[in-house]
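K.L.:
What follows is input.json, made up of JSON, C-alpha atoms:
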```
[["chain", "number", "residue", "atom", "x", "y", "z"],
["A", 24, "MET", "CA", -29.17, 11.72, 56.47],
["A", 25, "SER", "CA", -28.70, 8.49, 54.50],
["A", 26, "THR", "CA", -29.82, 4.94, 55.08],
["A", 27, "ALA", "CA", -28.73, 1.61, 53.65],
["A", 28, "THR", "CA", -31.12, -0.59, 51.69],
["A", 29, "HIS", "CA", -31.39, -4.33, 52.05],
["A", 30, "ASP", "CA", -29.16, -5.05, 49.01],
["A", 31, "GLY", "CA", -26.23, -3.01, 50.37],
["A", 32, "LEU", "CA", -26.72, 0.05, 48.11],
["A", 33, "THR", "CA", -27.20, 3.55, 49.51],
["A", 34, "ARG", "CA", -29.98, 5.92, 48.75],
["A", 35, "PRO", "CA", -29.23, 9.22, 46.95],
["A", 36, "ASP", "CA", -28.99, 11.04, 50.25],
["A", 37, "GLN", "CA", -26.22, 8.71, 51.45],
["A", 38, "ASN", "CA", -22.84, 10.25, 52.38],
["A", 39, "PRO", "CA", -20.38, 9.60, 49.48],
["A", 40, "ALA", "CA", -17.55, 9.00, 51.95],
["A", 41, "THR", "CA", -19.37, 5.98, 53.37],
["A", 42, "ALA", "CA", -20.38, 4.52, 49.97],
["A", 43, "PRO", "CA", -18.88, 1.12, 49.04],
["A", 44, "LYS", "CA", -15.67, 1.32, 46.91],
["A", 45, "GLY", "CA", -15.06, -2.27, 45.95],
["A", 46, "GLY", "CA", -16.21, -1.89, 42.29],
["A", 47, "LYS", "CA", -13.40, 0.52, 41.30],
["A", 48, "GLY", "CA", -10.73, -1.79, 42.67],
["A", 49, "ASP", "CA", -12.10, -4.74, 40.73],
["A", 50, "THR", "CA", -12.09, -2.67, 37.52],
["A", 51, "SER", "CA", -8.48, -1.55, 38.00],
["A", 52, "VAL", "CA", -7.36, -5.15, 38.58],
["A", 53, "SER", "CA", -9.12, -6.35, 35.42],
["A", 54, "ASP", "CA", -7.66, -3.46, 33.43],
["A", 55, "GLY", "CA", -4.18, -4.30, 34.70],
["A", 56, "ILE", "CA", -4.51, -7.95, 33.68],
["A", 57, "GLY", "CA", -5.89, -6.99, 30.26],
["A", 58, "GLY", "CA", -3.12, -4.44, 29.72],
["A", 59, "LYS", "CA", -0.41, -6.94, 30.60],
["A", 60, "PHE", "CA", -1.94, -9.52, 28.26],
["A", 61, "PHE", "CA", -2.14, -7.02, 25.41],
["A", 62, "ASN", "CA", 1.45, -5.85, 25.98],
["A", 63, "GLY", "CA", 2.69, -9.42, 26.03],
["A", 64, "PHE", "CA", 0.83, -10.29, 22.85],
["A", 65, "SER", "CA", 2.07, -7.17, 21.05],
["A", 66, "HIS", "CA", 5.68, -7.88, 22.06],
["A", 67, "LEU", "CA", 5.35, -11.48, 20.90],
["A", 68, "PHE", "CA", 3.90, -10.34, 17.57],
["A", 69, "LEU", "CA", 6.71, -7.81, 17.07],
["A", 70, "LEU", "CA", 9.29, -10.48, 17.89],
["A", 71, "VAL", "CA", 7.83, -12.89, 15.33],
["A", 72, "TRP", "CA", 7.63, -10.08, 12.77],
["A", 73, "ALA", "CA", 11.27, -9.13, 13.40],
["A", 74, "VAL", "CA", 12.39, -12.72, 12.87],
["A", 75, "MET", "CA", 10.39, -12.92, 9.63],
["A", 76, "VAL", "CA", 12.09, -9.76, 8.34],
["A", 77, "ILE", "CA", 15.64, -10.20, 9.64],
["A", 78, "TYR", "CA", 16.15, -13.90, 8.96],
["A", 79, "PRO", "CA", 15.74, -13.72, 5.13],
["A", 80, "LEU", "CA", 18.12, -10.75, 4.95],
["A", 81, "LEU", "CA", 20.67, -12.48, 7.14],
["A", 82, "TRP", "CA", 20.26, -15.70, 5.14],
["A", 83, "VAL", "CA", 21.04, -13.91, 1.87],
["A", 84, "VAL", "CA", 24.12, -12.21, 3.31],
["A", 85, "MET", "CA", 25.52, -15.38, 4.86],
["A", 86, "SER", "CA", 24.79, -17.43, 1.74],
["A", 87, "ALA", "CA", 26.90, -14.94, -0.20],
["A", 88, "LEU", "CA", 29.87, -16.04, 1.92],
["A", 89, "LYS", "CA", 29.40, -19.78, 1.33],
["A", 90, "THR", "CA", 30.68, -22.05, -1.39],
["A", 91, "ASP", "CA", 28.30, -23.43, -4.00],
["A", 92, "SER", "CA", 28.35, -26.87, -2.40],
["A", 93, "GLU", "CA", 27.43, -25.39, 1.00],
["A", 94, "VAL", "CA", 24.53, -23.48, -0.54],
["A", 95, "ILE", "CA", 23.18, -26.72, -2.02],
["A", 96, "ARG", "CA", 23.89, -29.10, 0.87],
["A", 97, "GLN", "CA", 23.01, -26.75, 3.76],
["A", 98, "PRO", "CA", 20.71, -24.11, 2.28],
["A", 99, "LEU", "CA", 19.20, -22.91, 5.59],
["A", 100, "SER", "CA", 22.43, -22.76, 7.55],
["A", 101, "LEU", "CA", 23.62, -19.32, 8.63],
["A", 102, "ILE", "CA", 27.22, -20.28, 9.46],
["A", 103, "PRO", "CA", 29.56, -20.90, 6.52],
["A", 104, "ALA", "CA", 32.60, -23.09, 7.01],
["A", 105, "LYS", "CA", 34.81, -20.27, 5.66],
["A", 106, "LEU", "CA", 34.17, -16.69, 4.59],
["A", 107, "ASN", "CA", 34.53, -16.63, 0.80],
["A", 108, "TRP", "CA", 34.92, -12.93, -0.02],
["A", 109, "ASP", "CA", 35.92, -13.72, -3.61],
["A", 110, "ASN", "CA", 32.22, -14.32, -4.36],
["A", 111, "PHE", "CA", 31.69, -10.57, -4.30],
["A", 112, "SER", "CA", 34.59, -9.82, -6.65],
["A", 113, "ARG", "CA", 33.32, -12.49, -9.05],
["A", 114, "ALA", "CA", 29.80, -11.06, -9.05],
["A", 115, "TRP", "CA", 31.14, -7.51, -9.48],
["A", 116, "GLY", "CA", 33.44, -8.37, -12.38],
["A", 117, "ALA", "CA", 32.27, -11.51, -14.16],
["A", 118, "GLY", "CA", 28.64, -10.78, -13.32],
["A", 119, "HIS", "CA", 28.96, -7.17, -14.64],
["A", 120, "LEU", "CA", 27.39, -5.84, -11.46],
["A", 121, "GLY", "CA", 29.78, -2.88, -11.53],
["A", 122, "SER", "CA", 28.34, -1.55, -14.80],
["A", 123, "PHE", "CA", 24.80, -2.12, -13.48],
["A", 124, "PHE", "CA", 25.62, -0.04, -10.41],
["A", 125, "LEU", "CA", 27.12, 2.76, -12.48],
["A", 126, "ASN", "CA", 24.09, 2.96, -14.78],
["A", 127, "THR", "CA", 21.73, 2.95, -11.80],
["A", 128, "VAL", "CA", 23.62, 5.71, -9.98],
["A", 129, "LEU", "CA", 23.69, 7.88, -13.11],
["A", 130, "VAL", "CA", 19.97, 7.47, -13.70],
["A", 131, "LEU", "CA", 18.93, 7.98, -10.07],
["A", 132, "ALA", "CA", 21.16, 11.03, -9.63],
["A", 133, "GLY", "CA", 19.25, 12.79, -12.40],
["A", 134, "SER", "CA", 15.77, 11.37, -11.83],
["A", 135, "VAL", "CA", 15.58, 11.82, -8.05],
["A", 136, "THR", "CA", 16.98, 15.37, -8.26],
["A", 137, "LEU", "CA", 14.50, 16.40, -10.95],
["A", 138, "THR", "CA", 11.61, 14.65, -9.22],
["A", 139, "MET", "CA", 12.32, 16.41, -5.92],
["A", 140, "LEU", "CA", 12.79, 19.82, -7.56],
["A", 141, "LEU", "CA", 9.77, 19.75, -9.88],
["A", 142, "GLY", "CA", 7.54, 17.92, -7.41],
["A", 143, "SER", "CA", 8.24, 20.30, -4.52],
["A", 144, "MET", "CA", 7.77, 23.38, -6.74],
["A", 145, "ALA", "CA", 4.44, 22.11, -8.07],
["A", 146, "ALA", "CA", 3.25, 21.04, -4.61],
["A", 147, "TYR", "CA", 4.22, 24.40, -3.09],
["A", 148, "ALA", "CA", 2.31, 26.37, -5.73],
["A", 149, "LEU", "CA", -0.78, 24.18, -5.36],
["A", 150, "ALA", "CA", -0.69, 24.24, -1.55],
["A", 151, "ARG", "CA", 0.10, 27.90, -0.86],
["A", 152, "TYR", "CA", -1.53, 29.85, -3.72],
["A", 153, "GLU", "CA", -5.17, 30.07, -4.71],
["A", 154, "PHE", "CA", -5.84, 30.43, -8.43],
["A", 155, "ARG", "CA", -8.36, 29.28, -11.00],
["A", 156, "GLY", "CA", -7.87, 25.58, -11.78],
["A", 157, "ASN", "CA", -5.84, 24.87, -8.64],
["A", 158, "ARG", "CA", -7.87, 21.87, -7.52],
["A", 159, "LEU", "CA", -8.20, 20.57, -11.09],
["A", 160, "ILE", "CA", -4.43, 20.50, -11.56],
["A", 161, "TYR", "CA", -4.00, 18.83, -8.17],
["A", 162, "TYR", "CA", -6.51, 16.11, -9.06],
["A", 163, "VAL", "CA", -4.77, 15.57, -12.40],
["A", 164, "PHE", "CA", -1.58, 14.82, -10.48],
["A", 165, "LEU", "CA", -3.50, 12.51, -8.15],
["A", 166, "SER", "CA", -4.97, 10.65, -11.09],
["A", 167, "GLY", "CA", -1.45, 9.51, -11.95],
["A", 168, "LEU", "CA", -1.48, 7.43, -8.75],
["A", 169, "THR", "CA", -4.43, 5.41, -10.06],
["A", 170, "LEU", "CA", -2.85, 4.56, -13.43],
["A", 171, "PRO", "CA", -0.99, 1.23, -13.49],
["A", 172, "VAL", "CA", 2.26, 1.56, -15.37],
["A", 173, "TYR", "CA", 1.40, -1.56, -17.39],
["A", 174, "LEU", "CA", -1.49, 0.28, -19.10],
["A", 175, "ALA", "CA", 0.98, 2.86, -20.43],
["A", 176, "ALA", "CA", 3.45, 0.27, -21.73],
["A", 177, "VAL", "CA", 2.44, 0.26, -25.40],
["A", 178, "PRO", "CA", 2.08, 4.04, -25.92],
["A", 179, "LEU", "CA", 5.24, 4.64, -23.89],
["A", 180, "PHE", "CA", 7.21, 2.12, -25.93],
["A", 181, "LYS", "CA", 6.01, 3.53, -29.26],
["A", 182, "GLY", "CA", 6.50, 7.11, -28.09],
["A", 183, "VAL", "CA", 10.10, 6.48, -27.08],
["A", 184, "TYR", "CA", 10.95, 4.80, -30.37],
["A", 185, "ASN", "CA", 9.22, 7.52, -32.41],
["A", 186, "THR", "CA", 10.98, 10.26, -30.43],
["A", 187, "SER", "CA", 14.38, 8.69, -31.10],
["A", 188, "VAL", "CA", 14.01, 9.54, -34.79],
["A", 189, "HIS", "CA", 14.34, 13.28, -34.07],
["A", 190, "PHE", "CA", 16.01, 13.20, -30.62],
["A", 191, "PRO", "CA", 18.41, 10.25, -30.35],
["A", 192, "LEU", "CA", 19.22, 10.99, -26.69],
["A", 193, "LEU", "CA", 15.56, 10.38, -25.82],
["A", 194, "GLY", "CA", 15.44, 7.03, -27.60],
["A", 195, "PRO", "CA", 15.60, 3.51, -26.20],
["A", 196, "ASN", "CA", 18.65, 2.41, -24.20],
["A", 197, "LYS", "CA", 19.51, 6.02, -23.26],
["A", 198, "HIS", "CA", 20.07, 7.29, -19.74],
["A", 199, "LEU", "CA", 18.35, 10.65, -20.33],
["A", 200, "MET", "CA", 15.21, 8.95, -21.62],
["A", 201, "LEU", "CA", 14.97, 6.71, -18.55],
["A", 202, "ILE", "CA", 15.57, 9.70, -16.25],
["A", 203, "LEU", "CA", 12.58, 11.56, -17.73],
["A", 204, "VAL", "CA", 10.38, 8.46, -17.57],
["A", 205, "TYR", "CA", 11.28, 7.95, -13.90],
["A", 206, "VAL", "CA", 10.45, 11.61, -13.19],
["A", 207, "ALA", "CA", 7.02, 11.27, -14.81],
["A", 208, "TRP", "CA", 6.41, 8.01, -12.94],
["A", 209, "SER", "CA", 7.35, 9.45, -9.51],
["A", 210, "LEU", "CA", 5.93, 12.96, -9.81],
["A", 211, "SER", "CA", 2.34, 12.17, -8.77],
["A", 212, "PHE", "CA", 3.23, 10.72, -5.38],
["A", 213, "THR", "CA", 5.83, 13.43, -4.75],
["A", 214, "VAL", "CA", 3.28, 16.20, -5.38],
["A", 215, "PHE", "CA", 0.68, 14.43, -3.25],
["A", 216, "PHE", "CA", 3.08, 13.99, -0.30],
["A", 217, "MET", "CA", 4.69, 17.44, -0.42],
["A", 218, "HIS", "CA", 1.33, 19.18, -0.95],
["A", 219, "SER", "CA", 0.16, 17.87, 2.43],
["A", 220, "PHE", "CA", 3.47, 18.85, 4.03],
["A", 221, "PHE", "CA", 3.53, 22.43, 2.69],
["A", 222, "ARG", "CA", 0.01, 23.02, 4.03],
["A", 223, "THR", "CA", 1.26, 22.37, 7.58],
["A", 224, "LEU", "CA", 3.93, 25.11, 7.45],
["A", 225, "PRO", "CA", 3.02, 28.35, 9.28],
["A", 226, "ASN", "CA", 1.91, 31.35, 7.25],
["A", 227, "THR", "CA", 3.49, 33.90, 9.60],
["A", 228, "ILE", "CA", 7.05, 33.15, 8.49],
["A", 229, "ALA", "CA", 6.11, 33.42, 4.81],
["A", 230, "GLU", "CA", 4.31, 36.71, 5.44],
["A", 231, "ALA", "CA", 7.30, 38.10, 7.34],
["A", 232, "ALA", "CA", 9.61, 37.20, 4.47],
["A", 233, "MET", "CA", 7.31, 38.89, 1.97],
["A", 234, "VAL", "CA", 7.20, 42.02, 4.13],
["A", 235, "ASP", "CA", 11.02, 42.06, 4.14],
["A", 236, "GLY", "CA", 10.94, 42.17, 0.33],
["A", 237, "ALA", "CA", 11.52, 38.53, -0.60],
["A", 238, "SER", "CA", 10.25, 37.49, -4.02],
["A", 239, "HIS", "CA", 8.13, 34.37, -4.49],
["A", 240, "SER", "CA", 11.09, 32.38, -5.77],
["A", 241, "ARG", "CA", 13.35, 33.65, -2.95],
["A", 242, "LEU", "CA", 10.63, 32.79, -0.44],
["A", 243, "PHE", "CA", 10.41, 29.24, -1.78],
["A", 244, "PHE", "CA", 14.12, 28.43, -2.07],
["A", 245, "SER", "CA", 15.41, 30.32, 0.98],
["A", 246, "VAL", "CA", 12.56, 29.94, 3.49],
["A", 247, "MET", "CA", 9.93, 27.33, 2.72],
["A", 248, "LEU", "CA", 12.15, 24.66, 1.16],
["A", 249, "PRO", "CA", 14.59, 24.52, 4.13],
["A", 250, "MET", "CA", 11.61, 24.32, 6.49],
["A", 251, "SER", "CA", 10.31, 21.28, 4.59],
["A", 252, "LYS", "CA", 13.57, 19.35, 5.00],
["A", 253, "PRO", "CA", 11.98, 16.41, 6.92],
["A", 254, "GLY", "CA", 9.38, 15.97, 4.20],
["A", 255, "LEU", "CA", 11.99, 16.21, 1.45],
["A", 256, "ILE", "CA", 14.13, 13.53, 3.10],
["A", 257, "SER", "CA", 11.14, 11.23, 3.51],
["A", 258, "ILE", "CA", 9.89, 11.51, -0.06],
["A", 259, "GLY", "CA", 13.48, 11.39, -1.32],
["A", 260, "ILE", "CA", 14.00, 8.02, 0.39],
["A", 261, "PHE", "CA", 10.73, 6.72, -1.08],
["A", 262, "ASN", "CA", 11.77, 7.85, -4.56],
["A", 263, "VAL", "CA", 15.23, 6.31, -4.25],
["A", 264, "LEU", "CA", 13.79, 2.99, -3.09],
["A", 265, "GLY", "CA", 11.09, 2.93, -5.74],
["A", 266, "GLN", "CA", 13.38, 3.85, -8.62],
["A", 267, "TRP", "CA", 16.21, 1.60, -7.40],
["A", 268, "ASN", "CA", 13.87, -1.41, -7.36],
["A", 269, "GLN", "CA", 12.05, -0.51, -10.58],
["A", 270, "TRP", "CA", 12.32, -3.38, -13.03],
["A", 271, "TYR", "CA", 9.48, -3.11, -15.53],
["A", 272, "LEU", "CA", 10.28, 0.28, -17.07],
["A", 273, "PRO", "CA", 14.00, -0.42, -17.66],
["A", 274, "THR", "CA", 13.19, -3.83, -19.11],
["A", 275, "LEU", "CA", 10.68, -2.21, -21.46],
["A", 276, "LEU", "CA", 12.79, 0.74, -22.59],
["A", 277, "MET", "CA", 16.47, -0.12, -22.11],
["A", 278, "GLN", "CA", 16.65, -2.43, -25.11],
["A", 279, "SER", "CA", 19.66, -2.82, -27.34],
["A", 280, "VAL", "CA", 19.47, -0.91, -30.62],
["A", 281, "ALA", "CA", 21.64, -1.71, -33.65],
["A", 282, "GLY", "CA", 23.72, -4.17, -31.66],
["A", 283, "GLU", "CA", 24.92, -1.67, -29.03],
["A", 284, "PRO", "CA", 25.33, -3.02, -25.46],
["A", 285, "LYS", "CA", 22.38, -2.55, -23.16],
["A", 286, "ASN", "CA", 22.70, 0.07, -20.43],
["A", 287, "GLN", "CA", 21.09, -2.12, -17.81],
["A", 288, "VAL", "CA", 20.25, -0.89, -14.32],
["A", 289, "ILE", "CA", 20.58, -2.94, -11.15],
["A", 290, "ALA", "CA", 17.12, -4.56, -11.23],
["A", 291, "GLN", "CA", 17.64, -5.72, -14.82],
["A", 292, "GLY", "CA", 21.13, -6.87, -14.02],
["A", 293, "LEU", "CA", 19.99, -9.01, -11.10],
["A", 294, "ILE", "CA", 17.49, -10.82, -13.29],
["A", 295, "GLU", "CA", 20.17, -11.47, -15.91],
["A", 296, "LEU", "CA", 22.63, -12.44, -13.19],
["A", 297, "SER", "CA", 20.17, -14.95, -11.73],
["A", 298, "VAL", "CA", 19.70, -16.56, -15.14],
["A", 299, "ASN", "CA", 23.39, -16.66, -16.04],
["A", 300, "GLN", "CA", 24.63, -17.72, -12.62],
["A", 301, "GLY", "CA", 21.86, -20.30, -12.44],
["A", 302, "TYR", "CA", 23.04, -21.94, -15.65],
["A", 303, "LYS", "CA", 26.60, -21.88, -14.30],
["A", 304, "SER", "CA", 25.42, -23.15, -10.88],
["A", 305, "ASP", "CA", 27.24, -20.17, -9.36],
["A", 306, "TRP", "CA", 24.76, -19.73, -6.52],
["A", 307, "SER", "CA", 27.25, -18.04, -4.21],
["A", 308, "GLY", "CA", 27.95, -15.40, -6.86],
["A", 309, "LEU", "CA", 24.21, -14.85, -7.26],
["A", 310, "PHE", "CA", 23.74, -14.30, -3.52],
["A", 311, "ALA", "CA", 26.73, -11.96, -3.50],
["A", 312, "GLY", "CA", 25.15, -9.88, -6.25],
["A", 313, "VAL", "CA", 21.81, -9.72, -4.41],
["A", 314, "THR", "CA", 23.62, -8.67, -1.23],
["A", 315, "MET", "CA", 25.49, -5.84, -2.96],
["A", 316, "ALA", "CA", 22.25, -4.62, -4.55],
["A", 317, "MET", "CA", 20.39, -4.76, -1.24],
["A", 318, "LEU", "CA", 22.89, -3.18, 1.16],
["A", 319, "PRO", "CA", 23.04, 0.41, -0.25],
["A", 320, "VAL", "CA", 19.32, 1.12, 0.11],
["A", 321, "LEU", "CA", 19.24, -0.65, 3.47],
["A", 322, "VAL", "CA", 22.08, 1.53, 4.77],
["A", 323, "VAL", "CA", 20.43, 4.69, 3.44],
["A", 324, "TYR", "CA", 17.17, 3.87, 5.20],
["A", 325, "ILE", "CA", 18.91, 3.02, 8.49],
["A", 326, "ILE", "CA", 20.81, 6.32, 8.44],
["A", 327, "PHE", "CA", 17.75, 8.46, 7.66],
["A", 328, "GLN", "CA", 15.04, 6.50, 9.46],
["A", 329, "ARG", "CA", 14.47, 9.21, 12.09],
["A", 330, "GLN", "CA", 14.06, 11.87, 9.40],
["A", 331, "VAL", "CA", 11.63, 9.62, 7.52],
["A", 332, "GLN", "CA", 9.51, 9.11, 10.64],
["A", 333, "SER", "CA", 9.49, 12.80, 11.53],
["A", 334, "GLY", "CA", 8.59, 13.72, 7.96],
["A", 335, "LEU", "CA", 5.68, 11.30, 7.88],
["A", 336, "THR", "CA", 4.28, 12.40, 11.23],
["A", 337, "ALA", "CA", 4.72, 16.10, 10.38],
["A", 338, "GLY", "CA", 2.84, 15.60, 7.11],
["A", 339, "VAL", "CA", -0.22, 14.01, 8.71],
["A", 340, "GLY", "CA", -0.13, 15.37, 12.24],
["A", 341, "LYS", "CA", -1.89, 18.65, 11.53]]
```
For this file, produce the structure as structure tokens.
P.N.:
Amino acid sequence: MSTATHDGLTRPDQNPATAPKGGKGDTSVSDGIGGKFFNGFSHLFLLVWAVMVIYPLLWVVMSALKTDSEVIRQPLSLIPAKLNWDNFSRAWGAGHLGSFFLNTVLVLAGSVTLTMLLGSMAAYALARYEFRGNRLIYYVFLSGLTLPVYLAAVPLFKGVYNTSVHFPLLGPNKHLMLILVYVAWSLSFTVFFMHSFFRTLPNTIAEAAMVDGASHSRLFFSVMLPMSKPGLISIGIFNVLGQWNQWYLPTLLMQSVAGEPKNQVIAQGLIELSVNQGYKSDWSGLFAGVTMAMLPVLVVYIIFQRQVQSGLTAGVGK
């Protein structure tokens, strides 16, 4: 038997079916209002963020289609009076952007390939095999993430010039030299990322392959590496973006020697283009060059964005 008290509450022996239920309804209403407010605020924030990201990109692209007078008189306008496609041909030819693109593609083809190969091999060995010094080697790789590249500028510069005495292909203003420097610069993050990814792969498949007679190298190249495809795509995109936008190392090392022309990459070329086109007041050509340098990496990321997201979540989800 249960009885009601004077303040409307029931005693412990009260029947639960007859207990008051108004409190739960009030809580659900307040939660619904709070949820709607949070959703509205988050959508508003994302909208503002999207405008902040998209508008500058769209402004650069549309300014590349304007005339110089339109760029000066109406700098914030997104609608040119006429589409001037000759700005791109002028930036590609007179601005030497074509040679900058060629040098960048040559360097990145070698550096990204070597970085992915060496980084994944080192990360696999450190993640899947236990041996003396394993953690020490891993922490040595991680220490490379804490070293600012500016601290290595003087020894790197002197080392490259001293090496050129005996190995000219590894001297300043050489593609092979810059490829190896990019590999050393990108290897720490690649090992760190792929180490975490390889540790999430199941051991049963590797054990089954070993039972079937696969060697360690066959196991890595034929089984484990294909399974790590999402991680490889993710870190590959990061390496392409980082090396494509790298400016300091090429400026430091790709210097003309004995009067030979500089093998400038795209980041160097854009700086030189901005200076030259600025003196010529060729602002439309400058925006055209920036657009051509920006679009390739933007297209690559848009195409592989799902693989990047799946690689990131797979690397940290376990």
K.L.:
Which is closest to Pro284 of chain A among A:Leu179, A:Tyr184, A:Trp82, A:Asn196, if we use only C-alpha atoms?
P.N.:
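So, comparing all the options, the nearest one is A:Asn196.
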K.L.:
Under the rule that all atoms listed in the file are counted, which of A:Val188, A:Ser219, A:Ser209, A:Gln332 is the nearest residue to Leu137 of chain A?
P.N.:
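Under the stated criterion, the closest residue is A:Ser209.
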K.L.:
Tell me which of A:Gly259, A:Gly194, A:Gly312, A:Pro273 sits closest to Gly116 of chain A, counting only C-alpha atoms.
P.N.:
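With only C-alpha atoms as the atom set, the closest residue is A:Gly312.
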K.L.:
Quick one: of A:Thr186, A:Thr127, A:Ser245, A:Ser211, who's nearest to Pro319 of chain A, counting all atoms listed in the file?
P.N.:
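Among the listed residues, the smallest separation from Pro319 of chain A belongs to A:Thr127.
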K.L.:
For Leu106 of chain A, find every residue with an atom within 9 Å (counting all atoms listed in the file), except residues of its own chain fewer than 3 positions away, and show them as a list in words.
P.N.:
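Selected residues are Met85, Ala87, Leu88, Lys89, Thr90, Pro103 and Asp109 of chain A.
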K.L.:
Using only C-alpha atoms, determine which residues lie at most 12 Å from Gly292 of chain A, disregarding the query and same-chain residues fewer than 4 positions distant; provide the list as number ranges by chain.
P.N.:
A: 114-115, 118-127, 267-270, 273-274, 277, 285-288, 296-300, 309, 312-313, 315-316
K.L.:
Using only C-alpha atoms, please write the residues we just selected to a file, as a CSV table (one decimal), keeping the file's coordinate frame.
P.N.:
```csv
chain,number,residue,atom,x,y,z
A,114,ALA,CA,29.8,-11.1,-9.0
A,115,TRP,CA,31.1,-7.5,-9.5
A,118,GLY,CA,28.6,-10.8,-13.3
A,119,HIS,CA,29.0,-7.2,-14.6
A,120,LEU,CA,27.4,-5.8,-11.5
A,121,GLY,CA,29.8,-2.9,-11.5
A,122,SER,CA,28.3,-1.6,-14.8
A,123,PHE,CA,24.8,-2.1,-13.5
A,124,PHE,CA,25.6,0.0,-10.4
A,125,LEU,CA,27.1,2.8,-12.5
A,126,ASN,CA,24.1,3.0,-14.8
A,127,THR,CA,21.7,3.0,-11.8
A,267,TRP,CA,16.2,1.6,-7.4
A,268,ASN,CA,13.9,-1.4,-7.4
A,269,GLN,CA,12.0,-0.5,-10.6
A,270,TRP,CA,12.3,-3.4,-13.0
A,273,PRO,CA,14.0,-0.4,-17.7
A,274,THR,CA,13.2,-3.8,-19.1
A,277,MET,CA,16.5,-0.1,-22.1
A,285,LYS,CA,22.4,-2.6,-23.2
A,286,ASN,CA,22.7,0.1,-20.4
A,287,GLN,CA,21.1,-2.1,-17.8
A,288,VAL,CA,20.2,-0.9,-14.3
A,296,LEU,CA,22.6,-12.4,-13.2
A,297,SER,CA,20.2,-15.0,-11.7
A,298,VAL,CA,19.7,-16.6,-15.1
A,299,ASN,CA,23.4,-16.7,-16.0
A,300,GLN,CA,24.6,-17.7,-12.6
A,309,LEU,CA,24.2,-14.8,-7.3
A,312,GLY,CA,25.2,-9.9,-6.2
A,313,VAL,CA,21.8,-9.7,-4.4
A,315,MET,CA,25.5,-5.8,-3.0
A,316,ALA,CA,22.2,-4.6,-4.6
```
K.L.:
Which is closer to Arg151 of chain A than all the others in A:Leu255, A:Met247, A:Val183, A:Ile77, using only C-alpha atoms?
P.N.:
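Using only C-alpha atoms, the shortest distance to Arg151 of chain A belongs to A:Met247.
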K.L.:
Can you pull out every residue within 12 Å of Tyr324 of chain A, counting only C-alpha atoms, but drop anything in the same chain fewer than 2 positions away, and send it as a list in words?
P.N.:
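Within the cut-off, the hits are Ile256, Ser257, Ile258, Gly259, Ile260, Phe261, Asn262, Val263, Leu264, Met317, Leu318, Pro319, Val320, Leu321, Val322, Ile326, Phe327, Gln328, Arg329, Gln330, Val331 and Gln332 of chain A.
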K.L.:
Taking into account only C-alpha atoms, which residue in the set A:Val214, A:Tyr147, A:Arg158, A:Ala117 is nearest to Val246 of chain A?
P.N.:
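Looking only at the distances to Val246 of chain A, the closest residue turns out to be A:Tyr147.
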K.L.:
What is the distance between atom CA of Pro79 of chain A and atom CA of Ser65 of chain A, in Å to one decimal?
P.N.:
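It comes out at 22.0 Å.
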K.L.:
Report the distance between atom CA of Phe190 of chain A and atom CA of Tyr173 of chain A in Å, rounded to one decimal place.
P.N.:
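Separation of atom CA of Phe190 of chain A and atom CA of Tyr173 of chain A: 24.6 Å.
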K.L.:
Quick one: pull the distance between atom CA of Leu168 of chain A and atom CA of Asn185 of chain A, Å, one decimal.
P.N.:
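A separation of 26.0 Å between them.
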K.L.:
Write out as JSON lines the residues of segment 70-188 of chain A that have any atom within 10 Å of an atom of segment 215-218 of chain A, one row each with the nearest atom pair and its distance in Å to one decimal, counting all atoms listed in the file, sorted by chain and then rising number.
P.N.:
```
{"residue": "A:Met139", "atom": "CA", "partner": "A:Met217", "partner_atom": "CA", "distance": 9.5}
{"residue": "A:Gly142", "atom": "CA", "partner": "A:Met217", "partner_atom": "CA", "distance": 7.6}
{"residue": "A:Ser143", "atom": "CA", "partner": "A:Met217", "partner_atom": "CA", "distance": 6.1}
{"residue": "A:Met144", "atom": "CA", "partner": "A:Met217", "partner_atom": "CA", "distance": 9.2}
{"residue": "A:Ala145", "atom": "CA", "partner": "A:His218", "partner_atom": "CA", "distance": 8.3}
{"residue": "A:Ala146", "atom": "CA", "partner": "A:His218", "partner_atom": "CA", "distance": 4.5}
{"residue": "A:Tyr147", "atom": "CA", "partner": "A:His218", "partner_atom": "CA", "distance": 6.3}
{"residue": "A:Ala148", "atom": "CA", "partner": "A:His218", "partner_atom": "CA", "distance": 8.7}
{"residue": "A:Leu149", "atom": "CA", "partner": "A:His218", "partner_atom": "CA", "distance": 7.0}
{"residue": "A:Ala150", "atom": "CA", "partner": "A:His218", "partner_atom": "CA", "distance": 5.5}
{"residue": "A:Arg151", "atom": "CA", "partner": "A:His218", "partner_atom": "CA", "distance": 8.8}
{"residue": "A:Tyr161", "atom": "CA", "partner": "A:Phe215", "partner_atom": "CA", "distance": 8.1}
{"residue": "A:Tyr162", "atom": "CA", "partner": "A:Phe215", "partner_atom": "CA", "distance": 9.4}
{"residue": "A:Phe164", "atom": "CA", "partner": "A:Phe215", "partner_atom": "CA", "distance": 7.6}
{"residue": "A:Leu165", "atom": "CA", "partner": "A:Phe215", "partner_atom": "CA", "distance": 6.7}
{"residue": "A:Leu168", "atom": "CA", "partner": "A:Phe215", "partner_atom": "CA", "distance": 9.2}
```
